[in-house]
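Heads up: the structure comes next, in structure tokens.
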There are 2 protein chains.
Amino acid sequence: MSYLKASEIREILKVTQQEDVISFAGGLPAPELFPVEEISEISQLVLKEAGTKALQYTTTEGYAPLREWIAARMNQGLGTSLDKDNILITHGSQQGLDLSGKVFLDEGDLVLCESPTYLAAISAFKSYGCSFMEIPTDEEEMDMDALEKVLSTTSRIRLIYVIPTFQNPTGRTWSLERRKRLAELSSQYNIAVIEDNPYGELRFEGEPLPSVKSFDKTGYVLYTGSFSKIFCPGFRIGWITGDKEIIRKYVLVKQGTDLQCNTLAQMTIAGYLEKYDIDRHIAGIVEVYKKRRDVTVQCIRESFSDTIKFTNPEGGLFTWIELPEGVSARPILEKCLEKKVAFVPGGSFYPGGNKENTLRINYSNMPIERIERGIKIIGEVVKQYMKESV
Amino acid sequence: MSYLKASEIREILKVTQQEDVISFAGGLPAPELFPVEEISEISQLVLKEAGTKALQYTTTEGYAPLREWIAARMNQGLGTSLDKDNILITHGSQQGLDLSGKVFLDEGDLVLCESPTYLAAISAFKSYGCSFMEIPTDEEEMDMDALEKVLSTTSRIRLIYVIPTFQNPTGRTWSLERRKRLAELSSQYNIAVIEDNPYGELRFEGEPLPSVKSFDKTGYVLYTGSFSKIFCPGFRIGWITGDKEIIRKYVLVKQGTDLQCNTLAQMTIAGYLEKYDIDRHIAGIVEVYKKRRDVTVQCIRESFSDTIKFTNPEGGLFTWIELPEGVSARPILEKCLEKKVAFVPGGSFYPGGNKENTLRINYSNMPIERIERGIKIIGEVVKQYMKESV
């Protein structure tokens with residue numbers, strides 16, 4: 001079923017490839033911010049200095065200097081104590097999810113997740129034959145008492161999958177207290193947690209929070225990160241972090257899966273990180289996305305009736321609109337597509353289905369004029385639809 | 001168990017990273033033949049012309065011009081009738097195997113393979129909980145009567161995995177007749193075949209043969225190919241070919257696995273193929289490998305007793321030595337490692353184990369002086385060991 005949903009989104013994304021369509025549907029970073037010239041320069045430099053080593057097979061673990069940088073970065077910003085042997089380079093954070101399914105899941109196992117959650121995580125895990133149990137969420141995301149109740153009463157739970165910072169699709173962020181509590185529950189019930197954090201570096205305001213992994217005392221928390229949103233997604237370079245013993249297991253599994261990630265791409269990122277100031281680059285992305293977030297939120301306030309709820313995200317790529325109960329986003333999408341505006345209906349993000357009164361809005365990929373125009377159109381369609389439904 | 005074997009080989013490969021070790025253990029192409037300068041030039045050109053498109057997310061299927069080239073190449077050289085929609089770009093041919101496991105295999109299913117077969121295919125499939133049945137082989141590889149007998153008497157067979165051209169580890173090539181027969185049996189018993197062909201372009205002599213896929217009338221044959229051995233392995237770009245309906249399924253599965261392959265790497269290969277003559281480049285590789293094969297075979301003839309058997313491969317990267325029954329290659333490896341020479345004991349290539357009197361020799365990665373010295377040392381150790389064992 002999740003595959004069906006994925007293909008549904010593929011259909012929406014096909015429509016959005018038309019130039020004149022205003023699309024809030026994808027999760028694409030703003031391409032005008034990719035460091036094209038720097039990448040061209042550094043990749044030449046790598047090929048000149050490392051020569052054939054940049055094109056040959058290398059270790060499955062990944063390029064050591066890149067893994068060292070990632071460990072240091074996480075230790076500095078996320079409260080962890082890691083070194084390179086805690087890190088495996090993966091094909092984006094998406095592959096960290098797939099490998100986690102391979103390591104942890106068998107037919108009939110259970111994965112707990114936020115309700116709603118990242119659609120492609122559902123696809124990744126579901127291919128290993130698991131089922132899902134959604135844990136209810138509020139403004140601070142997962143309800144920890146509900147989680148504990150499920151953990152204490154349910155068998156065959158193998159993974160808890162969460163996106164604690166600027167969640168996809170809701171844009172919400174877990175509080176410090178809930179992060180601590182999740183790490184504690186993971187230890188107490190011996191259940192692995194996957195902390196997925198592809199957007200965490202893109203904070204517009206508020207204080208950065210330590211990762212769930214930083215509170216992990218028993219080694220049950222794994223963490224996936226990515227260069228897709230802070231560098232470029234086309235390189236397909238991300239990573240998974242965990243205790244050394246479990247990472248060794250992931251390395252063996254990745255070896256059988258695809259041997260390793262692109263050598264030159266890994267060396268190019270490492271070269272860029274050495275020569276250029278990634279913090280300055282990220283600050284540039286944050287500045288642009290913050291403006292787009294501001295415009296999106298402002299337009300939602302102006303164009304929608306006040307019976308809706310929505311997130312004002314502190315960072316990341318998405319906001320999330322909740323329509324009144326009983327209003328479905330699917331016929332609204334159809335009307336919007338006629339007017340050349342696209343978004344993803346929120347129902348797709350619930351593994352169990354049947355929550356249809358929600359919309360995910362991506363604001364990172366378009367200039368603000370298009371955002372203004374697009375949100376206004378969605379707002380009008382929603383108002384019209386709600387009027388007709390009454 | 002296959003993971004254990006993979007890790008065993010990792011240990012051997014670690015030893016071989018010492019500069020003074022003569023290694024026949026890996027499967028590495030000769031790095032001095034990688035087109036470093038052309039890659040540097042073309043990747044700059046791609047970034048200049050395509051700009052941010054070369055760094056953004058793209059379709060899961062892969063870069064269309066590259067898929068078109070692959071289809072045309074296969075049609076020309078392998079007797080197929082394909083277009084780009086028969087092709088999915090994968091992270092090396094290895095990922096084609098992994099995705100095949102995901103598409104076809106459940107816990108308890110059975111995979112048929114040549115005896116011996118490619119070690120990392122065993123790892124790839126085994127992670128989906130299957131078991132293996134080895135079909136006996138001779139000079140023309142798989143015994144087709146034995147295969148038919150198994151097909152007609154065994155349940156839960158889901159895949160037949162074969163490497164018909166310059167097989168890994170044996171270096172042997174399937175005859176035309178067996179290729180036809182395999183395609184027929186696949187149709188007759190409705191069992192999918194994976195035809196793995198990473199070495200087929202590297203033919204030193206003899207007539208090229210059509211692929212098994214070219215005889216496929218019912219769409220049960222899948223084919224995996226790779227740029228690793230004809231361009232460079234560090235890019236991690238290969239492909240899987242099949243009927244359009246099944247490839248659509250693979251695309252959905254890959255989407256959940258890692259979204260897509262590196263955009264810039266795909267465009268760079270396509271750019272290279274447009275500007276440069278890959279046939280000339282391949283001819284250069286063939287010239288070098290043929291000499292190395294000649295020296296390897298010559299040295300084996302001179303340094304080993306005539307109670308051994310070995311392959312004189314018509315192409316590819318490997319030859320295969322069979323010692324007399326009862327002689328194990330593992331203690332021989334230990335002695336060779338003391339003398340700083342490495343190879344992979346053949347036992348690792350039998351999913352069921354217990355065939356220990358074989359050695360795989362890779363000749364593509366070293367200059368001929370080192371090959372001469374290394375084979376001589378292995379020959380001496382083998383002779384000494386056989387004398388002591390008598």
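Going through the structure tokens in order, the chains are called A, B, and so on, while each chain numbers its residues from 1 and the ligands are numbered from 1 in the order shown.
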- Task: Any chance you could list, as number ranges by chain, the residues in segment 44-280 of chain B that come up alpha helix (DSSP H) when DSSP is run on the backbone?
- Result: B: 44-49, 64-78, 92-104, 119-126, 144-153, 176-189, 244-258, 263-275, 278-280
- Expected answer as a ChimeraX atom specification: chain A residues within 6 Å of chain B, only C-alpha atoms: /A:31,40,44,52,55-57,91,94-95,98,120,123-124,232-236,256-258,262-263
Can I get the selected residues back with C-alpha atoms, as a PDB file, in the first residue's frame?
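Wrote out_19.pdb, looks like this:
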```
ATOM      1  CA  PRO A  31      19.178  24.614  -6.542  1.00  0.00           C
ATOM      2  CA  SER A  40      33.748  21.931 -10.092  1.00  0.00           C
ATOM      3  CA  GLN A  44      39.278  18.835 -10.408  1.00  0.00           C
ATOM      4  CA  THR A  52      43.086   7.214  -9.840  1.00  0.00           C
ATOM      5  CA  LEU A  55      37.972   6.583  -9.082  1.00  0.00           C
ATOM      6  CA  GLN A  56      38.929   3.174  -7.674  1.00  0.00           C
ATOM      7  CA  TYR A  57      37.019   0.973  -5.238  1.00  0.00           C
ATOM      8  CA  HIS A  91      23.566   6.787  -0.259  1.00  0.00           C
ATOM      9  CA  GLN A  94      17.417   7.208   2.805  1.00  0.00           C
ATOM     10  CA  GLN A  95      19.882   4.324   2.569  1.00  0.00           C
ATOM     11  CA  ASP A  98      16.874   0.880   4.164  1.00  0.00           C
ATOM     12  CA  ALA A 120       9.692   7.148   2.081  1.00  0.00           C
ATOM     13  CA  SER A 123       8.437   2.483   1.927  1.00  0.00           C
ATOM     14  CA  ALA A 124      11.951   1.640   3.104  1.00  0.00           C
ATOM     15  CA  CYS A 232      23.542  19.002  -2.753  1.00  0.00           C
ATOM     16  CA  PRO A 233      21.272  15.971  -3.024  1.00  0.00           C
ATOM     17  CA  GLY A 234      22.531  14.734  -6.404  1.00  0.00           C
ATOM     18  CA  PHE A 235      25.724  13.402  -4.797  1.00  0.00           C
ATOM     19  CA  ARG A 236      23.691  10.903  -2.728  1.00  0.00           C
ATOM     20  CA  GLY A 256      26.367  -6.942   0.146  1.00  0.00           C
ATOM     21  CA  THR A 257      23.988  -4.161  -0.917  1.00  0.00           C
ATOM     22  CA  ASP A 258      26.179  -1.960  -3.135  1.00  0.00           C
ATOM     23  CA  ASN A 262      30.921   7.102  -4.883  1.00  0.00           C
ATOM     24  CA  THR A 263      34.611   7.664  -4.065  1.00  0.00           C
TER      25      THR A 263
END
```
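Among the candidates A:Thr165, A:Ser305, A:Thr117, A:Ser155, the one nearest to Gly353 of chain A when counting only C-alpha atoms is A:Thr117.
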Here's a check: after a least-squares fit over all in-order C-alpha atoms, write chain A in the frame of chain B, as a compact mmCIF listing (two decimals) with C-alpha atoms, in the first residue's frame.
```txt
# COMPACT_ATOMS: atom_id res chain seq x y z
CA MET A 1 27.68 -17.74 7.19
CA SER A 2 28.25 -15.90 3.93
CA TYR A 3 28.78 -12.76 5.96
CA LEU A 4 31.45 -14.56 7.86
CA LYS A 5 33.10 -15.44 4.58
CA ALA A 6 32.82 -11.87 3.35
CA SER A 7 34.51 -10.66 6.51
CA GLU A 8 37.20 -13.32 6.07
CA ILE A 9 37.94 -11.82 2.66
CA ARG A 10 37.92 -8.35 4.17
CA GLU A 11 40.69 -9.58 6.46
CA ILE A 12 42.70 -10.85 3.50
CA LEU A 13 42.13 -7.57 1.66
CA LYS A 14 43.38 -5.62 4.66
CA VAL A 15 46.67 -7.51 4.50
CA THR A 16 46.86 -6.74 0.79
CA GLN A 17 46.72 -3.00 1.46
CA GLN A 18 50.35 -3.21 2.50
CA GLU A 19 52.40 -1.91 -0.43
CA ASP A 20 54.83 -4.83 -0.50
CA VAL A 21 52.14 -7.53 -0.74
CA ILE A 22 51.53 -9.14 -4.13
CA SER A 23 47.77 -9.55 -4.22
CA PHE A 24 45.73 -11.75 -6.51
CA ALA A 25 42.91 -11.50 -3.97
CA GLY A 26 40.75 -8.55 -5.05
CA GLY A 27 38.77 -7.97 -8.20
CA LEU A 28 40.12 -4.50 -8.82
CA PRO A 29 40.50 -3.08 -12.31
CA ALA A 30 43.87 -1.55 -13.25
CA PRO A 31 43.69 2.05 -12.01
CA GLU A 32 46.38 3.29 -14.43
CA LEU A 33 43.80 2.82 -17.20
CA PHE A 34 41.08 5.01 -15.64
CA PRO A 35 40.41 8.06 -17.87
CA VAL A 36 41.24 10.55 -15.10
CA GLU A 37 41.79 13.62 -17.28
CA GLU A 38 38.76 12.97 -19.44
CA ILE A 39 36.59 12.58 -16.33
CA SER A 40 37.93 15.84 -14.93
CA GLU A 41 37.27 17.62 -18.22
CA ILE A 42 33.79 16.20 -18.78
CA SER A 43 32.58 16.76 -15.22
CA GLN A 44 33.58 20.43 -15.48
CA LEU A 45 31.78 20.64 -18.80
CA VAL A 46 28.64 19.07 -17.34
CA LEU A 47 28.67 21.46 -14.38
CA LYS A 48 29.15 24.40 -16.75
CA GLU A 49 26.40 23.40 -19.16
CA ALA A 50 23.82 21.71 -16.93
CA GLY A 51 24.70 23.71 -13.81
CA THR A 52 22.56 22.96 -10.79
CA LYS A 53 20.62 20.22 -12.66
CA ALA A 54 23.72 18.04 -12.34
CA LEU A 55 23.54 18.37 -8.52
CA GLN A 56 19.79 18.25 -7.88
CA TYR A 57 17.56 15.23 -7.29
CA THR A 58 16.59 13.51 -10.53
CA THR A 59 14.38 10.55 -11.45
CA THR A 60 14.89 7.18 -9.79
CA GLU A 61 15.12 5.54 -13.24
CA GLY A 62 18.33 7.42 -13.99
CA TYR A 63 19.62 9.87 -16.57
CA ALA A 64 17.73 9.23 -19.82
CA PRO A 65 20.61 9.69 -22.32
CA LEU A 66 22.71 7.19 -20.34
CA ARG A 67 19.86 4.66 -20.35
CA GLU A 68 19.46 5.17 -24.11
CA TRP A 69 23.16 4.52 -24.67
CA ILE A 70 23.03 1.33 -22.59
CA ALA A 71 20.01 0.00 -24.50
CA ALA A 72 21.66 0.71 -27.86
CA ARG A 73 24.94 -0.86 -26.71
CA MET A 74 23.22 -4.04 -25.55
CA ASN A 75 21.15 -4.26 -28.74
CA GLN A 76 24.31 -3.95 -30.81
CA GLY A 77 26.53 -6.34 -28.88
CA LEU A 78 24.25 -8.76 -27.07
CA GLY A 79 21.35 -9.44 -29.44
CA THR A 80 18.65 -7.73 -27.35
CA SER A 81 15.81 -5.39 -28.41
CA LEU A 82 15.62 -2.83 -25.65
CA ASP A 83 14.93 0.84 -25.14
CA LYS A 84 15.61 3.12 -22.19
CA ASP A 85 12.50 2.03 -20.29
CA ASN A 86 14.03 -1.44 -19.99
CA ILE A 87 16.91 0.06 -17.99
CA LEU A 88 17.23 1.20 -14.37
CA ILE A 89 20.53 2.78 -13.30
CA THR A 90 21.87 1.15 -10.11
CA HIS A 91 24.78 1.54 -7.69
CA GLY A 92 26.96 -0.88 -9.62
CA SER A 93 25.70 -4.27 -10.76
CA GLN A 94 25.91 -5.22 -7.07
CA GLN A 95 22.80 -3.14 -6.37
CA GLY A 96 21.01 -4.92 -9.24
CA LEU A 97 21.52 -8.12 -7.24
CA ASP A 98 20.36 -6.58 -3.98
CA LEU A 99 17.21 -5.12 -5.56
CA SER A 100 16.54 -8.51 -7.17
CA GLY A 101 16.63 -10.07 -3.73
CA LYS A 102 14.16 -7.46 -2.52
CA VAL A 103 11.82 -7.97 -5.47
CA PHE A 104 11.90 -11.78 -5.61
CA LEU A 105 12.98 -13.31 -2.31
CA ASP A 106 11.25 -14.10 0.94
CA GLU A 107 12.50 -16.03 3.96
CA GLY A 108 12.91 -19.69 3.02
CA ASP A 109 13.00 -19.19 -0.77
CA LEU A 110 15.60 -20.96 -2.88
CA VAL A 111 18.18 -19.49 -5.27
CA LEU A 112 19.95 -21.70 -7.81
CA CYS A 113 23.49 -20.75 -8.78
CA GLU A 114 26.60 -22.02 -10.46
CA SER A 115 28.95 -24.01 -8.25
CA PRO A 116 31.13 -22.01 -7.51
CA THR A 117 29.61 -18.50 -7.79
CA TYR A 118 30.28 -14.82 -7.03
CA LEU A 119 30.68 -14.41 -3.28
CA ALA A 120 28.98 -11.02 -2.94
CA ALA A 121 25.93 -12.30 -4.81
CA ILE A 122 25.57 -14.87 -2.06
CA SER A 123 25.74 -12.03 0.50
CA ALA A 124 23.25 -9.91 -1.42
CA PHE A 125 20.61 -12.64 -1.75
CA LYS A 126 21.22 -14.24 1.64
CA SER A 127 20.26 -11.04 3.45
CA TYR A 128 16.68 -11.75 2.31
CA GLY A 129 16.65 -15.07 4.13
CA CYS A 130 16.96 -17.40 1.13
CA SER A 131 18.99 -20.57 0.85
CA PHE A 132 21.07 -21.74 -2.11
CA MET A 133 21.26 -24.83 -4.24
CA GLU A 134 24.42 -25.17 -6.29
CA ILE A 135 24.15 -26.62 -9.79
CA PRO A 136 27.28 -28.51 -10.88
CA THR A 137 29.47 -26.95 -13.57
CA ASP A 138 32.00 -28.12 -16.14
CA GLU A 139 34.14 -26.36 -18.79
CA GLU A 140 31.02 -24.74 -20.28
CA GLU A 141 29.69 -23.87 -16.81
CA MET A 142 26.22 -24.92 -15.60
CA ASP A 143 25.13 -28.51 -16.27
CA MET A 144 21.74 -27.93 -17.91
CA ASP A 145 20.39 -31.43 -17.37
CA ALA A 146 21.18 -31.14 -13.68
CA LEU A 147 19.45 -27.74 -13.68
CA GLU A 148 16.34 -29.11 -15.34
CA LYS A 149 16.18 -31.98 -12.91
CA VAL A 150 16.28 -29.57 -9.97
CA LEU A 151 13.70 -27.26 -11.56
CA SER A 152 11.30 -30.15 -12.14
CA THR A 153 11.58 -31.59 -8.65
CA THR A 154 12.11 -28.69 -6.25
CA SER A 155 9.68 -26.15 -4.83
CA ARG A 156 10.19 -22.51 -3.77
CA ILE A 157 12.86 -21.80 -6.40
CA ARG A 158 12.61 -18.05 -7.06
CA LEU A 159 15.82 -17.13 -8.89
CA ILE A 160 18.54 -18.66 -11.02
CA TYR A 161 21.69 -16.56 -10.72
CA VAL A 162 24.41 -16.94 -13.38
CA ILE A 163 27.48 -15.11 -14.72
CA PRO A 164 27.65 -16.55 -18.25
CA THR A 165 30.66 -14.62 -19.55
CA PHE A 166 34.13 -14.85 -17.94
CA GLN A 167 32.54 -16.13 -14.78
CA ASN A 168 33.61 -15.03 -11.32
CA PRO A 169 35.43 -16.98 -9.90
CA THR A 170 36.14 -19.57 -12.63
CA GLY A 171 36.82 -17.36 -15.68
CA ARG A 172 34.77 -19.77 -17.83
CA THR A 173 32.15 -18.83 -20.45
CA TRP A 174 28.82 -20.46 -21.19
CA SER A 175 28.35 -21.93 -24.68
CA LEU A 176 25.68 -20.56 -27.03
CA GLU A 177 23.61 -23.68 -26.63
CA ARG A 178 23.48 -23.45 -22.85
CA ARG A 179 22.49 -19.78 -23.02
CA LYS A 180 19.53 -20.70 -25.22
CA ARG A 181 18.58 -23.61 -23.03
CA LEU A 182 18.64 -21.48 -19.87
CA ALA A 183 16.24 -18.94 -21.41
CA GLU A 184 13.95 -21.82 -22.46
CA LEU A 185 13.99 -23.42 -19.01
CA SER A 186 13.28 -20.04 -17.43
CA SER A 187 10.14 -19.71 -19.59
CA GLN A 188 9.12 -23.30 -19.13
CA TYR A 189 9.32 -23.21 -15.32
CA ASN A 190 8.40 -19.51 -14.85
CA ILE A 191 11.54 -18.87 -12.85
CA ALA A 192 13.42 -15.57 -13.06
CA VAL A 193 17.03 -15.60 -14.21
CA ILE A 194 19.59 -12.97 -13.22
CA GLU A 195 22.27 -12.79 -15.91
CA ASP A 196 25.16 -10.91 -14.31
CA ASN A 197 27.62 -9.55 -16.88
CA PRO A 198 30.14 -7.10 -15.43
CA TYR A 199 33.11 -8.44 -17.43
CA GLY A 200 31.60 -9.29 -20.84
CA GLU A 201 33.11 -6.31 -22.67
CA LEU A 202 36.64 -7.46 -21.77
CA ARG A 203 37.11 -10.21 -24.38
CA PHE A 204 40.69 -11.10 -25.36
CA GLU A 205 39.87 -13.67 -28.05
CA GLY A 206 37.06 -15.85 -29.42
CA GLU A 207 33.69 -14.75 -30.75
CA PRO A 208 31.33 -12.61 -28.64
CA LEU A 209 28.17 -14.49 -27.70
CA PRO A 210 24.59 -13.21 -27.45
CA SER A 211 23.25 -12.73 -23.95
CA VAL A 212 20.83 -15.12 -22.26
CA LYS A 213 18.45 -12.13 -22.23
CA SER A 214 18.42 -12.11 -26.06
CA PHE A 215 16.79 -15.56 -26.05
CA ASP A 216 14.17 -14.57 -23.48
CA LYS A 217 10.68 -14.80 -24.96
CA THR A 218 8.58 -14.46 -21.81
CA GLY A 219 10.34 -11.74 -19.83
CA TYR A 220 11.76 -13.84 -17.01
CA VAL A 221 15.39 -12.94 -17.69
CA LEU A 222 16.95 -9.92 -15.99
CA TYR A 223 20.43 -8.66 -16.86
CA THR A 224 22.86 -6.63 -14.75
CA GLY A 225 25.71 -4.59 -16.21
CA SER A 226 28.30 -2.14 -14.92
CA PHE A 227 30.65 0.69 -15.82
CA SER A 228 33.04 -0.44 -13.08
CA LYS A 229 35.30 -2.56 -15.29
CA ILE A 230 35.18 -0.48 -18.49
CA PHE A 231 35.24 3.04 -17.01
CA CYS A 232 35.82 3.22 -13.24
CA PRO A 233 34.31 1.50 -10.21
CA GLY A 234 34.44 4.49 -7.85
CA PHE A 235 31.46 6.09 -9.62
CA ARG A 236 29.21 3.18 -8.55
CA ILE A 237 27.19 3.22 -11.77
CA GLY A 238 25.69 0.05 -13.20
CA TRP A 239 22.29 -0.99 -14.45
CA ILE A 240 19.62 -3.65 -14.44
CA THR A 241 17.71 -4.58 -17.59
CA GLY A 242 14.39 -6.38 -17.84
CA ASP A 243 10.94 -6.20 -19.30
CA LYS A 244 9.31 -2.84 -18.71
CA GLU A 245 6.73 -4.07 -16.25
CA ILE A 246 9.28 -5.65 -13.95
CA ILE A 247 11.66 -2.68 -14.28
CA ARG A 248 8.83 -0.40 -13.08
CA LYS A 249 8.67 -2.58 -10.00
CA TYR A 250 12.45 -2.30 -9.49
CA VAL A 251 12.14 1.49 -9.81
CA LEU A 252 9.64 1.64 -6.94
CA VAL A 253 11.86 -0.59 -4.86
CA LYS A 254 14.97 1.50 -5.58
CA GLN A 255 13.03 4.65 -4.68
CA GLY A 256 12.50 3.31 -1.17
CA THR A 257 16.10 2.07 -0.99
CA ASP A 258 18.12 5.19 -1.86
CA LEU A 259 15.99 7.37 -4.19
CA GLN A 260 18.45 7.45 -7.13
CA CYS A 261 22.10 7.28 -8.21
CA ASN A 262 24.54 10.21 -8.28
CA THR A 263 23.28 12.72 -10.88
CA LEU A 264 26.67 14.22 -11.80
CA ALA A 265 28.30 10.78 -12.13
CA GLN A 266 25.56 9.64 -14.54
CA MET A 267 25.83 12.81 -16.61
CA THR A 268 29.63 12.60 -16.65
CA ILE A 269 29.58 9.04 -18.01
CA ALA A 270 27.00 10.06 -20.63
CA GLY A 271 29.16 13.06 -21.57
CA TYR A 272 32.24 10.86 -21.85
CA LEU A 273 30.40 8.37 -24.06
CA GLU A 274 29.32 11.19 -26.35
CA LYS A 275 32.71 12.82 -26.68
CA TYR A 276 35.15 9.89 -26.48
CA ASP A 277 35.43 6.50 -28.15
CA ILE A 278 34.68 3.93 -25.45
CA ASP A 279 35.54 1.08 -27.83
CA ARG A 280 39.04 2.43 -28.16
CA HIS A 281 39.25 2.82 -24.39
CA ILE A 282 38.05 -0.77 -23.88
CA ALA A 283 40.55 -2.00 -26.51
CA GLY A 284 43.28 -0.44 -24.37
CA ILE A 285 42.07 -2.27 -21.26
CA VAL A 286 41.79 -5.54 -23.18
CA GLU A 287 45.35 -5.22 -24.47
CA VAL A 288 46.75 -4.81 -20.96
CA TYR A 289 44.63 -7.50 -19.33
CA LYS A 290 45.35 -9.97 -22.13
CA LYS A 291 49.08 -9.63 -21.48
CA ARG A 292 48.49 -10.12 -17.77
CA ARG A 293 46.33 -13.16 -18.47
CA ASP A 294 49.04 -14.56 -20.76
CA VAL A 295 51.71 -14.13 -18.11
CA THR A 296 49.49 -15.59 -15.40
CA VAL A 297 48.66 -18.67 -17.44
CA GLN A 298 52.26 -19.11 -18.56
CA CYS A 299 53.51 -18.88 -14.97
CA ILE A 300 50.90 -21.32 -13.69
CA ARG A 301 52.04 -23.81 -16.36
CA GLU A 302 55.66 -23.39 -15.29
CA SER A 303 55.30 -23.16 -11.53
CA PHE A 304 52.61 -25.68 -10.62
CA SER A 305 52.71 -29.45 -10.93
CA ASP A 306 50.66 -30.88 -13.79
CA THR A 307 48.24 -32.51 -11.38
CA ILE A 308 46.39 -29.21 -11.13
CA LYS A 309 43.73 -27.87 -13.50
CA PHE A 310 43.14 -24.21 -14.32
CA THR A 311 41.11 -21.97 -16.64
CA ASN A 312 42.64 -20.14 -19.57
CA PRO A 313 39.94 -17.42 -19.66
CA GLU A 314 38.95 -15.78 -22.95
CA GLY A 315 38.40 -12.51 -21.10
CA GLY A 316 37.60 -10.90 -17.78
CA LEU A 317 39.62 -10.62 -14.59
CA PHE A 318 40.05 -14.10 -13.13
CA THR A 319 41.54 -17.50 -13.49
CA TRP A 320 40.76 -20.45 -11.27
CA ILE A 321 43.08 -23.19 -10.08
CA GLU A 322 41.88 -26.61 -8.97
CA LEU A 323 44.29 -28.57 -6.82
CA PRO A 324 44.00 -32.34 -6.45
CA GLU A 325 41.08 -33.50 -4.30
CA GLY A 326 41.80 -33.36 -0.58
CA VAL A 327 44.34 -30.50 -0.82
CA SER A 328 43.01 -27.41 0.94
CA ALA A 329 43.89 -23.90 -0.25
CA ARG A 330 43.48 -22.38 3.22
CA PRO A 331 46.76 -23.52 4.81
CA ILE A 332 48.41 -22.68 1.48
CA LEU A 333 47.06 -19.14 1.76
CA GLU A 334 48.49 -18.85 5.26
CA LYS A 335 51.95 -19.84 4.03
CA CYS A 336 51.65 -17.48 1.05
CA LEU A 337 50.64 -14.56 3.30
CA GLU A 338 53.85 -15.15 5.26
CA LYS A 339 55.67 -14.69 1.95
CA LYS A 340 53.54 -11.58 1.23
CA VAL A 341 51.41 -13.09 -1.51
CA ALA A 342 47.59 -13.19 -1.31
CA PHE A 343 44.74 -14.88 -3.16
CA VAL A 344 41.20 -15.93 -2.25
CA PRO A 345 40.74 -19.59 -1.32
CA GLY A 346 38.06 -21.00 -3.62
CA GLY A 347 36.01 -22.53 -0.81
CA SER A 348 34.53 -19.07 -0.17
CA PHE A 349 32.72 -19.21 -3.51
CA TYR A 350 30.64 -22.28 -2.66
CA PRO A 351 27.49 -21.33 -0.71
CA GLY A 352 27.43 -24.81 0.79
CA GLY A 353 31.12 -24.76 1.68
CA ASN A 354 33.38 -27.86 1.80
CA LYS A 355 35.12 -27.49 -1.60
CA GLU A 356 38.50 -26.32 -0.40
CA ASN A 357 40.92 -27.45 -3.14
CA THR A 358 40.54 -24.32 -5.30
CA LEU A 359 42.09 -20.81 -5.65
CA ARG A 360 40.83 -17.70 -7.39
CA ILE A 361 43.52 -15.62 -9.06
CA ASN A 362 42.84 -12.00 -10.11
CA TYR A 363 45.33 -10.79 -12.73
CA SER A 364 43.93 -7.37 -13.71
CA ASN A 365 45.39 -5.22 -10.96
CA MET A 366 49.18 -5.76 -11.08
CA PRO A 367 52.07 -5.25 -13.49
CA ILE A 368 53.42 -8.45 -15.03
CA GLU A 369 56.66 -8.55 -13.00
CA ARG A 370 54.66 -8.82 -9.82
CA ILE A 371 52.36 -11.41 -11.37
CA GLU A 372 55.36 -13.55 -12.35
CA ARG A 373 56.90 -13.29 -8.91
CA GLY A 374 53.63 -13.95 -7.11
CA ILE A 375 52.48 -16.97 -9.11
CA LYS A 376 55.91 -18.52 -8.75
CA ILE A 377 55.69 -18.19 -4.96
CA ILE A 378 52.20 -19.71 -4.84
CA GLY A 379 53.39 -22.55 -7.08
CA GLU A 380 56.31 -23.29 -4.79
CA VAL A 381 54.14 -23.24 -1.67
CA VAL A 382 51.60 -25.55 -3.33
CA LYS A 383 54.29 -28.01 -4.44
CA GLN A 384 55.89 -28.02 -1.01
CA TYR A 385 52.52 -28.47 0.68
CA MET A 386 51.50 -31.31 -1.63
CA LYS A 387 54.80 -33.04 -1.05
CA GLU A 388 54.37 -32.80 2.73
CA SER A 389 50.75 -33.99 2.53
CA VAL A 390 51.61 -37.17 0.63
```
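When DSSP reads the backbone of this structure, the residues of segment 164-221 of chain A it assigns to strand (DSSP E or B) are Ala192, Val193, Ile194, Glu195, Asp196, Arg203 and Val221 of chain A.
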